[in-house]
$ cat upload.txt   # compact mmCIF, C-alpha atoms
# COMPACT_ATOMS: atom_id res chain seq x y z
CA MET T 1 9.47 -28.68 -7.68
CA ILE T 2 12.66 -30.43 -6.51
CA ARG T 3 14.69 -28.39 -8.97
CA SER T 4 13.31 -25.11 -7.65
CA LEU T 5 13.96 -26.30 -4.10
CA VAL T 6 17.60 -27.01 -4.95
CA LEU T 7 17.94 -23.65 -6.67
CA LEU T 8 16.36 -22.03 -3.64
CA ILE T 9 18.76 -23.64 -1.18
CA THR T 10 21.84 -22.93 -3.28
CA GLY T 11 20.71 -19.34 -3.86
CA LYS T 12 20.79 -19.73 -7.63
CA MET T 13 17.11 -19.01 -8.16
CA GLU T 14 16.97 -16.57 -11.04
CA CYS T 15 14.27 -14.02 -10.68
CA HIS T 16 14.21 -10.35 -10.03
CA GLY T 17 12.91 -7.76 -7.65
CA GLN T 18 11.22 -8.61 -4.39
CA LEU T 19 10.63 -12.23 -5.37
CA ARG T 20 14.36 -12.78 -5.59
CA TYR T 21 14.91 -11.26 -2.16
CA PHE T 22 12.04 -13.33 -0.86
CA PHE T 23 13.82 -16.52 -1.94
CA LEU T 24 17.12 -15.29 -0.50
CA GLY T 25 15.23 -14.66 2.73
CA CYS T 26 13.81 -18.18 2.64
CA ARG T 27 17.35 -19.50 2.35
CA SER T 28 18.56 -17.42 5.26
CA GLY T 29 15.55 -18.65 7.25
CA LEU T 30 16.52 -22.27 6.76
CA PRO T 31 18.76 -22.54 9.86
CA ILE T 32 15.89 -21.12 11.91
CA ALA T 33 13.56 -23.78 10.52
CA ILE T 34 16.09 -26.49 11.43
CA GLY T 35 16.25 -25.12 14.96
CA TYR T 36 12.51 -24.62 15.36
CA LEU T 37 11.35 -28.03 14.22
CA PRO T 38 12.50 -30.07 17.25
CA ILE T 39 11.30 -27.39 19.67
CA ALA T 40 7.92 -27.30 17.94
CA LEU T 41 7.72 -31.10 18.17
CA ALA T 42 8.45 -30.86 21.88
CA PHE T 43 5.77 -28.20 22.21
CA GLY T 44 3.23 -30.44 20.48
CA VAL T 45 4.09 -33.35 22.77
CA LEU T 46 3.73 -31.15 25.87
CA ALA T 47 0.43 -29.71 24.60
CA ARG T 48 -0.96 -33.20 24.11
CA THR T 49 0.15 -34.22 27.60
CA ALA T 50 -1.74 -31.19 28.91
CA GLY T 51 -4.86 -32.38 27.11
CA LEU T 52 -4.87 -30.03 24.11
CA SER T 53 -6.10 -31.29 20.77
CA ALA T 54 -3.99 -31.12 17.62
CA GLY T 55 -6.20 -28.27 16.40
CA GLU T 56 -5.82 -26.29 19.62
CA ALA T 57 -2.05 -26.69 19.79
CA THR T 58 -1.61 -25.84 16.11
CA ALA T 59 -3.92 -22.84 16.42
CA MET T 60 -1.84 -21.53 19.32
CA SER T 61 1.39 -21.91 17.31
CA ALA T 62 -0.18 -20.38 14.20
CA LEU T 63 -1.59 -17.33 15.99
CA VAL T 64 0.80 -16.63 18.87
CA PHE T 65 4.04 -17.80 17.16
CA ALA T 66 6.23 -17.29 20.24
CA GLY T 67 7.96 -20.37 21.60
CA ALA T 68 8.87 -19.59 25.20
CA SER T 69 5.49 -18.03 26.00
CA GLN T 70 3.64 -20.98 24.49
CA PHE T 71 5.48 -23.48 26.70
CA MET T 72 4.74 -21.25 29.65
CA ALA T 73 1.05 -20.98 28.71
CA ILE T 74 0.68 -24.77 28.51
CA ASN T 75 2.22 -25.13 31.95
CA LEU T 76 -0.07 -22.42 33.34
CA ILE T 77 -3.14 -23.99 31.71
CA SER T 78 -2.22 -27.36 33.26
CA GLY T 79 -1.86 -25.63 36.60
CA GLY T 80 -5.33 -24.09 36.27
CA ALA T 81 -4.21 -20.47 36.04
CA SER T 82 -6.73 -17.80 35.01
CA ALA T 83 -6.87 -16.39 31.49
CA ALA T 84 -5.75 -12.98 32.74
CA THR T 85 -2.66 -14.48 34.41
CA ILE T 86 -1.69 -16.35 31.27
CA ILE T 87 -2.14 -13.32 29.00
CA LEU T 88 -0.24 -10.99 31.32
CA ALA T 89 2.63 -13.48 31.62
CA THR T 90 2.71 -13.78 27.82
CA PHE T 91 2.94 -10.01 27.49
CA VAL T 92 5.88 -9.90 29.89
CA VAL T 93 7.78 -12.76 28.23
CA ASN T 94 7.29 -11.37 24.73
CA PHE T 95 7.83 -7.70 25.50
CA ARG T 96 11.46 -7.92 24.40
CA HIS T 97 10.16 -8.11 20.85
CA PHE T 98 9.05 -4.50 21.17
CA VAL T 99 12.67 -3.44 21.51
CA MET T 100 13.74 -5.78 18.73
CA SER T 101 10.98 -4.48 16.45
CA ALA T 102 12.09 -0.90 17.11
CA SER T 103 15.65 -1.83 16.15
CA LEU T 104 14.62 -3.77 13.05
CA SER T 105 12.31 -0.97 11.91
CA ARG T 106 15.45 1.11 11.23
CA ARG T 107 16.35 -1.34 8.48
CA LEU T 108 12.99 -1.55 6.74
CA VAL T 109 10.77 0.76 4.75
CA LEU T 110 7.48 -1.10 4.58
CA ARG T 111 3.99 -0.82 3.20
CA TRP T 112 1.28 -1.42 5.77
CA TRP T 113 0.67 -5.03 4.78
CA GLU T 114 4.38 -5.78 4.75
CA ALA T 115 4.68 -4.33 8.24
CA ALA T 116 1.71 -6.44 9.33
CA LEU T 117 3.40 -9.62 8.10
CA VAL T 118 6.97 -8.83 9.17
CA GLY T 119 5.68 -7.90 12.63
CA PHE T 120 3.69 -11.11 12.87
CA GLY T 121 6.78 -13.10 11.94
CA LEU T 122 9.15 -11.33 14.34
CA THR T 123 10.82 -13.66 16.84
CA ASP T 124 14.23 -13.61 18.54
CA GLU T 125 15.61 -15.66 15.68
CA THR T 126 14.07 -13.87 12.70
CA PHE T 127 15.06 -10.56 14.29
CA VAL T 128 18.69 -11.57 14.61
CA VAL T 129 18.92 -13.03 11.10
CA ASN T 130 17.33 -9.91 9.60
CA SER T 131 19.42 -7.53 11.67
CA LEU T 132 22.75 -9.13 10.73
CA ALA T 133 21.98 -9.70 7.06
CA ARG T 134 23.85 -7.21 4.88
CA PRO T 135 21.96 -6.40 1.70
CA ASP T 136 25.22 -5.78 -0.15
CA GLU T 137 26.52 -9.20 0.89
CA LEU T 138 23.49 -11.27 -0.03
CA PRO T 139 24.46 -13.83 -2.67
CA GLY T 140 24.26 -12.33 -6.11
CA GLN T 141 23.78 -8.78 -4.88
CA SER T 142 25.86 -5.71 -5.33
CA VAL T 143 25.57 -2.06 -4.50
CA ARG T 144 25.64 0.09 -7.59
CA GLY T 145 25.04 3.79 -7.82
CA GLY T 146 23.37 3.92 -4.45
CA TYR T 147 21.00 1.05 -5.17
CA ILE T 148 21.14 -2.61 -4.34
CA CYS T 149 21.01 -4.56 -7.57
CA PRO T 150 20.92 -8.19 -8.64
CA LYS T 151 24.35 -9.14 -10.02
CA VAL T 152 22.76 -11.38 -12.61
CA ARG T 153 21.61 -8.50 -14.75
CA GLU T 154 24.69 -6.43 -14.13
CA SER T 155 26.95 -9.16 -15.50
CA LYS T 156 24.92 -9.21 -18.69
CA GLY T 157 26.07 -5.67 -19.32
CA ASP T 158 22.53 -4.42 -19.03
CA LYS T 159 23.00 -0.86 -17.90
CA SER T 160 19.30 -0.20 -17.68
CA TYR T 161 18.57 -2.73 -14.97
CA GLU T 162 15.76 -1.76 -12.70
CA CYS T 163 16.61 -1.77 -9.06
CA SER T 164 13.51 -2.52 -7.13
CA VAL T 165 15.15 -1.90 -3.79
CA GLN T 166 15.21 1.42 -2.02
CA GLU T 167 17.75 4.07 -2.72
CA ILE T 168 20.63 3.88 -0.29
CA THR T 169 21.30 7.01 1.71
CA PRO T 170 24.60 7.40 3.60
CA HIS T 171 22.89 6.53 6.88
CA THR T 172 21.54 3.28 5.50
CA ALA T 173 24.48 2.33 3.27
CA THR T 174 24.75 -1.18 4.66
CA SER T 175 21.56 -1.43 6.60
CA LEU T 176 18.38 -1.06 4.55
CA LEU T 177 16.88 -4.46 3.89
CA PRO T 178 14.53 -5.48 1.06
CA PRO T 179 11.11 -6.24 2.61
CA GLY T 180 10.86 -9.46 0.61
CA PHE T 181 13.95 -10.78 2.39
CA ALA T 182 12.39 -10.29 5.82
CA LEU T 183 9.18 -11.96 4.67
CA GLY T 184 11.10 -15.00 3.39
CA VAL T 185 12.99 -15.41 6.67
CA SER T 186 9.77 -15.27 8.69
CA LEU T 187 7.89 -17.63 6.39
CA MET T 188 10.45 -20.42 6.82
CA ALA T 189 10.45 -19.99 10.59
CA TYR T 190 6.65 -19.92 10.66
CA LEU T 191 6.15 -23.02 8.52
CA ALA T 192 8.59 -25.04 10.66
CA TRP T 193 6.99 -23.86 13.89
CA VAL T 194 3.37 -24.50 12.91
CA SER T 195 3.92 -27.80 11.11
CA GLY T 196 6.23 -29.04 13.87
CA SER T 197 3.64 -28.25 16.54
CA TRP T 198 0.99 -30.18 14.68
CA MET T 199 3.30 -33.15 14.15
CA GLY T 200 4.28 -33.09 17.81
CA VAL T 201 0.69 -33.60 18.91
CA VAL T 202 -0.21 -36.15 16.26
CA PHE T 203 2.96 -38.22 16.43
CA ALA T 204 3.70 -37.82 20.15
CA GLY T 205 5.14 -41.08 21.42
CA ILE T 206 6.45 -42.30 18.07
CA ILE T 207 8.99 -39.52 17.52
CA PRO T 208 12.35 -41.29 17.68
CA PRO T 209 14.65 -39.70 20.27
CA VAL T 210 17.51 -39.81 17.77
CA LEU T 211 15.69 -37.12 15.79
CA THR T 212 15.91 -34.63 18.63
CA ALA T 213 19.29 -35.66 20.08
CA GLY T 214 21.64 -32.71 20.25
CA MET T 215 19.06 -30.43 18.67
CA GLU T 216 18.72 -28.23 21.75
CA ILE T 217 21.95 -26.54 20.71
CA ALA T 218 20.69 -25.65 17.20
CA LEU T 219 19.36 -22.14 17.81
CA TYR T 220 22.26 -21.21 20.09
CA ALA T 221 24.65 -22.41 17.41
CA MET T 222 22.80 -20.28 14.89
CA PHE T 223 23.12 -17.20 17.10
CA ILE T 224 26.84 -17.88 17.51
CA GLY T 225 27.22 -18.55 13.79
CA LEU T 226 25.66 -15.14 13.08
CA LEU T 227 27.77 -13.38 15.67
CA MET T 228 31.17 -14.64 14.53
CA PRO T 229 31.27 -12.94 11.08
CA ALA T 230 29.94 -9.77 12.72
CA ILE T 231 32.89 -9.82 15.16
CA ARG T 232 35.35 -10.49 12.35
CA ARG T 233 33.99 -7.44 10.58
CA ALA T 234 33.96 -5.20 13.64
CA ALA T 235 35.35 -6.16 17.03
CA PRO T 236 33.05 -3.77 18.98
CA ALA T 237 30.13 -6.04 18.05
CA GLY T 238 31.80 -8.81 20.04
CA LEU T 239 32.45 -6.48 22.96
CA ILE T 240 28.77 -5.54 23.13
CA ALA T 241 27.64 -9.18 22.89
CA LEU T 242 30.12 -10.27 25.55
CA GLY T 243 29.06 -7.50 27.92
CA SER T 244 25.42 -8.26 27.35
CA ALA T 245 25.95 -11.98 28.00
CA GLY T 246 27.64 -11.18 31.31
CA ILE T 247 24.95 -8.73 32.40
CA CYS T 248 22.19 -11.12 31.33
CA TRP T 249 23.77 -13.89 33.39
CA LEU T 250 23.94 -11.58 36.40
CA LEU T 251 20.34 -10.42 35.94
CA SER T 252 19.06 -13.95 35.42
CA LEU T 253 20.01 -14.66 39.04
CA PHE T 254 17.38 -12.13 40.13
CA PHE T 255 14.81 -11.91 37.29
CA ASP T 256 12.90 -14.19 34.95
CA THR T 257 14.63 -15.02 31.66
CA GLY T 258 12.40 -12.67 29.64
CA TRP T 259 13.23 -9.66 31.82
CA ALA T 260 16.92 -10.55 32.06
CA ILE T 261 17.23 -10.62 28.26
CA VAL T 262 15.41 -7.37 27.60
CA LEU T 263 17.14 -5.50 30.46
CA ALA T 264 20.61 -6.70 29.48
CA THR T 265 19.95 -5.80 25.83
CA VAL T 266 18.66 -2.30 26.53
CA VAL T 267 21.28 -1.46 29.17
CA VAL T 268 24.34 -2.77 27.33
CA ALA T 269 23.31 -1.16 24.04
CA GLY T 270 22.84 2.05 26.06
CA ILE T 271 26.34 1.79 27.53
CA GLY T 272 27.69 1.08 24.06
CA VAL T 273 26.43 4.35 22.56
CA PRO T 274 28.74 6.75 24.47
CA LEU T 275 31.47 4.10 24.71
CA LEU T 276 31.73 3.45 20.97
CA GLY T 277 30.44 6.76 19.63
CA ARG T 278 30.91 7.08 15.88
CA ARG T 279 32.25 3.57 15.58
CA VAL T 280 28.65 2.33 15.89
CA ASP T 281 27.80 3.86 12.52
CA SER T 282 30.13 1.49 10.67
CA LEU T 283 28.87 -1.67 12.36
CA MET H 1 -11.08 -26.20 29.92
CA SER H 2 -13.91 -25.14 27.63
CA THR H 3 -13.25 -24.33 24.00
CA LEU H 4 -14.44 -20.76 24.54
CA ALA H 5 -12.05 -20.20 27.46
CA PHE H 6 -9.19 -21.63 25.43
CA ALA H 7 -10.07 -19.47 22.41
CA LEU H 8 -10.10 -16.43 24.69
CA ILE H 9 -6.63 -17.26 26.02
CA ILE H 10 -5.19 -17.73 22.54
CA LEU H 11 -6.79 -14.50 21.32
CA GLY H 12 -5.39 -12.55 24.27
CA MET H 13 -1.94 -14.09 23.87
CA THR H 14 -2.01 -13.25 20.16
CA LEU H 15 -2.87 -9.60 20.79
CA VAL H 16 -0.31 -8.95 23.53
CA THR H 17 2.38 -10.66 21.44
CA TYR H 18 1.53 -9.16 18.07
CA LEU H 19 1.00 -5.51 18.96
CA PRO H 20 4.46 -4.91 20.51
CA ARG H 21 6.00 -6.70 17.52
CA LEU H 22 4.03 -4.65 15.01
CA ILE H 23 3.84 -1.06 16.29
CA PRO H 24 7.53 -0.04 15.96
CA LEU H 25 7.64 -1.44 12.42
CA LEU H 26 5.02 1.09 11.34
CA VAL H 27 7.70 3.78 11.70
CA PRO H 28 9.52 4.00 8.34
CA GLY H 29 13.20 3.07 8.53
CA ASP H 30 14.39 6.16 6.68
CA LEU H 31 12.83 8.55 9.21
CA PRO H 32 15.68 10.71 10.57
CA LEU H 33 16.35 10.14 14.27
CA PRO H 34 18.82 11.76 16.66
CA PRO H 35 22.22 10.02 16.23
CA TRP H 36 22.30 8.64 19.79
CA LEU H 37 18.91 6.94 19.31
CA ASP H 38 19.93 5.59 15.92
CA ARG H 39 23.15 4.17 17.38
CA TRP H 40 21.31 2.67 20.34
CA LEU H 41 18.89 0.88 18.03
CA LYS H 42 21.81 -0.26 15.89
CA LEU H 43 23.55 -1.86 18.88
CA ILE H 44 20.40 -3.70 20.01
CA PRO H 45 20.98 -6.79 17.78
CA TYR H 46 24.51 -7.38 19.12
CA ALA H 47 23.43 -6.88 22.72
CA ALA H 48 20.41 -9.13 22.14
CA LEU H 49 22.65 -11.84 20.66
CA GLY H 50 24.83 -11.94 23.76
CA ALA H 51 21.83 -12.09 26.08
CA LEU H 52 20.09 -14.75 23.98
CA ILE H 53 23.18 -17.00 23.92
CA PHE H 54 24.28 -16.75 27.53
CA PRO H 55 23.30 -18.03 30.07
CA GLY H 56 20.60 -19.88 28.08
CA ILE H 57 23.18 -22.12 26.40
CA LEU H 58 23.99 -23.67 29.80
CA THR H 59 20.53 -25.28 29.84
CA VAL H 60 21.07 -27.28 26.63
CA ASP H 61 21.66 -30.40 28.70
CA ALA H 62 19.85 -30.15 32.02
CA GLY H 63 22.34 -30.75 34.83
CA ARG H 64 25.41 -30.72 32.57
CA PRO H 65 26.04 -27.06 31.65
CA TRP H 66 29.44 -27.89 30.11
CA VAL H 67 27.69 -29.73 27.24
CA GLY H 68 26.21 -26.43 26.09
CA VAL H 69 29.55 -24.66 26.55
CA ILE H 70 31.42 -27.20 24.42
CA GLY H 71 28.68 -27.16 21.77
CA GLY H 72 28.87 -23.36 21.79
CA LEU H 73 32.67 -23.38 21.42
CA ALA H 74 32.37 -25.82 18.51
CA ALA H 75 29.84 -23.49 16.88
CA ALA H 76 32.09 -20.49 17.49
CA ALA H 77 35.11 -22.19 15.93
CA THR H 78 33.11 -23.38 12.91
CA GLY H 79 31.44 -20.02 12.46
CA TRP H 80 34.74 -18.16 12.73
CA LEU H 81 36.59 -20.33 10.22
CA TRP H 82 33.87 -21.46 7.85
CA ARG H 83 31.32 -18.64 7.99
CA ASN H 84 28.61 -21.01 6.85
CA LEU H 85 25.54 -20.86 9.07
CA ILE H 86 24.06 -24.26 8.22
CA ALA H 87 27.45 -25.94 8.69
CA THR H 88 27.85 -24.19 12.05
CA VAL H 89 24.47 -25.44 13.24
CA LEU H 90 25.10 -29.00 12.03
CA VAL H 91 28.58 -29.23 13.61
CA ALA H 92 27.19 -28.06 16.96
CA ILE H 93 24.33 -30.57 16.78
CA LEU H 94 26.82 -33.33 16.00
CA VAL H 95 29.14 -32.38 18.87
CA VAL H 96 26.30 -32.18 21.40
CA SER H 97 24.66 -35.42 20.29
CA VAL H 98 28.02 -37.20 20.70
CA LEU H 99 28.40 -35.75 24.20
CA GLN H 100 24.93 -36.94 25.10

$ encode --input "upload.txt" --output "structure tokens"
Amino acid sequence: MIRSLVLLITGKMECHGQLRYFFLGCRSGLPIAIGYLPIALAFGVLARTAGLSAGEATAMSALVFAGASQFMAINLISGGASAATIILATFVVNFRHFVMSASLSRRLVLRWWEAALVGFGLTDETFVVNSLARPDELPGQSVRGGYICPKVRESKGDKSYECSVQEITPHTATSLLPPGFALGVSLMAYLAWVSGSWMGVVFAGIIPPVLTAGMEIALYAMFIGLLMPAIRRAAPAGLIALGSAGICWLLSLFFDTGWAIVLATVVVAGIGVPLLGRRVDSL
Amino acid sequence: MSTLAFALIILGMTLVTYLPRLIPLLVPGDLPLPPWLDRWLKLIPYAALGALIFPGILTVDAGRPWVGVIGGLAAAATGWLWRNLIATVLVAILVVSVLQ
């Protein structure tokens, strides 16, 4: 058990096909889990303060799986808002995931049940990790003859290795992602979020503050840590992110956070298309 | 609040969150699209990253926006030089917890 966990974290797990990508996805989901845990704990504590039971709070995390909207819902429930108000507000806050899902769908060819799971596990964080992961740069992977292949088998001189991942067309050369990878990323995020919520309710009051000190920065640091290599690879990525940050700041003076994020994203990406032209294809 | 009312709220929240996340994924990724649409969708992650980082990072420490800025700069430096995501996250946590 411990051995497989170590292998998982170091990316040395030896198995093939989707299972291998699943474990690589779990590894890439680890920073998300680190970032989610303290927020989930805080959510559990807030839910308990609002009078929710451990079961109710955990059920909300397990089914809705959307941080910001859950905090908002608890506040609205405490304030005695109607069900319709809460559900409408949730829709508005989470609508940005529609845009993110549309973008991510360009990287995935999924069976229906894979789509059902990847969609359920789509959050800001899993979207960004999946979008910036490069299949050809995953540990132990290489692109060979238009397919993404595990390096393990290649190094053994086995020419007949089976590549379980989709054929790479020119348009998807660096972009098509193994479904198992996306599932692994989401699973780690999901486990941290649900278990953290439950622990927050049950252990509210005895959670040492030292555990959550400085943790508010974790997810922002992860976003920045994902952005930096992308900028090193292609400067236009940084230009787009910078522009979007500025526009989002401007919009946040007039709109709610949810709207500011989705508007800034859609508008700046839209400006980027004519501005960057063909350079977008190599991002 | 009654259990039924609460169950109704959770169910509604689940539906309005899940459907927008799911529906676009049902379109296969190798479906040919006009180049401008493909490029727009390809730029979405970078634009989303910018909007998700700023101005949200200013709220890391309520009342002291510079704590988030310094934590962010530490993360940027670590990420640029080290390119290790876990290390980047841990360095930023360390820096912010010292500042607090």

$ interface_residues --input "upload.txt" --of "chain H" --to "chain T" --cutoff "7 Å" --atoms "only C-alpha atoms" --output "CSV table (one decimal) with C-alpha atoms, in the coordinates of the input"
chain,number,residue,atom,x,y,z
H,9,ILE,CA,-6.6,-17.3,26.0
H,10,ILE,CA,-5.2,-17.7,22.5
H,12,GLY,CA,-5.4,-12.6,24.3
H,13,MET,CA,-1.9,-14.1,23.9
H,14,THR,CA,-2.0,-13.2,20.2
H,16,VAL,CA,-0.3,-9.0,23.5
H,17,THR,CA,2.4,-10.7,21.4
H,18,TYR,CA,1.5,-9.2,18.1
H,20,PRO,CA,4.5,-4.9,20.5
H,21,ARG,CA,6.0,-6.7,17.5
H,22,LEU,CA,4.0,-4.6,15.0
H,24,PRO,CA,7.5,0.0,16.0
H,25,LEU,CA,7.6,-1.4,12.4
H,26,LEU,CA,5.0,1.1,11.3
H,27,VAL,CA,7.7,3.8,11.7
H,28,PRO,CA,9.5,4.0,8.3
H,29,GLY,CA,13.2,3.1,8.5
H,30,ASP,CA,14.4,6.2,6.7
H,36,TRP,CA,22.3,8.6,19.8
H,39,ARG,CA,23.2,4.2,17.4
H,40,TRP,CA,21.3,2.7,20.3
H,41,LEU,CA,18.9,0.9,18.0
H,42,LYS,CA,21.8,-0.3,15.9
H,43,LEU,CA,23.6,-1.9,18.9
H,44,ILE,CA,20.4,-3.7,20.0
H,45,PRO,CA,21.0,-6.8,17.8
H,46,TYR,CA,24.5,-7.4,19.1
H,47,ALA,CA,23.4,-6.9,22.7
H,48,ALA,CA,20.4,-9.1,22.1
H,49,LEU,CA,22.6,-11.8,20.7
H,50,GLY,CA,24.8,-11.9,23.8
H,51,ALA,CA,21.8,-12.1,26.1
H,52,LEU,CA,20.1,-14.8,24.0
H,53,ILE,CA,23.2,-17.0,23.9
H,54,PHE,CA,24.3,-16.8,27.5
H,55,PRO,CA,23.3,-18.0,30.1
H,57,ILE,CA,23.2,-22.1,26.4
H,60,VAL,CA,21.1,-27.3,26.6
H,68,GLY,CA,26.2,-26.4,26.1
H,71,GLY,CA,28.7,-27.2,21.8
H,72,GLY,CA,28.9,-23.4,21.8
H,75,ALA,CA,29.8,-23.5,16.9
H,76,ALA,CA,32.1,-20.5,17.5
H,79,GLY,CA,31.4,-20.0,12.5
H,80,TRP,CA,34.7,-18.2,12.7
H,83,ARG,CA,31.3,-18.6,8.0
H,85,LEU,CA,25.5,-20.9,9.1
H,86,ILE,CA,24.1,-24.3,8.2
H,88,THR,CA,27.8,-24.2,12.0
H,89,VAL,CA,24.5,-25.4,13.2
H,92,ALA,CA,27.2,-28.1,17.0
H,93,ILE,CA,24.3,-30.6,16.8
H,94,LEU,CA,26.8,-33.3,16.0
H,96,VAL,CA,26.3,-32.2,21.4
H,97,SER,CA,24.7,-35.4,20.3

$ atom_distance --input "upload.txt" --atom1 "atom CA of H:Ala5" --atom2 "atom CA of T:Leu37"
28.0 Å

$ closest_residue --input "upload.txt" --among "T:Leu41, T:Thr58, T:Asp256, T:Ala133" --to "T:Ile206" --atoms "only C-alpha atoms"
T:Leu41

$ atom_distance --input "upload.txt" --atom1 "atom CA of T:Phe254" --atom2 "atom CA of T:Phe43"
26.7 Å

$ atom_distance --input "upload.txt" --atom1 "atom CA of T:Trp193" --atom2 "atom CA of T:Gly44"
10.0 Å

$ axis_aligned_box --input "upload.txt" --around "stretch 100-106 of chain T" --padding-each-side "6 Å" --output "lines of an AutoDock Vina configuration file"
center_x = 13.3
center_y = -2.3
center_z = 15.0
size_x = 16.7
size_y = 18.9
size_z = 19.5
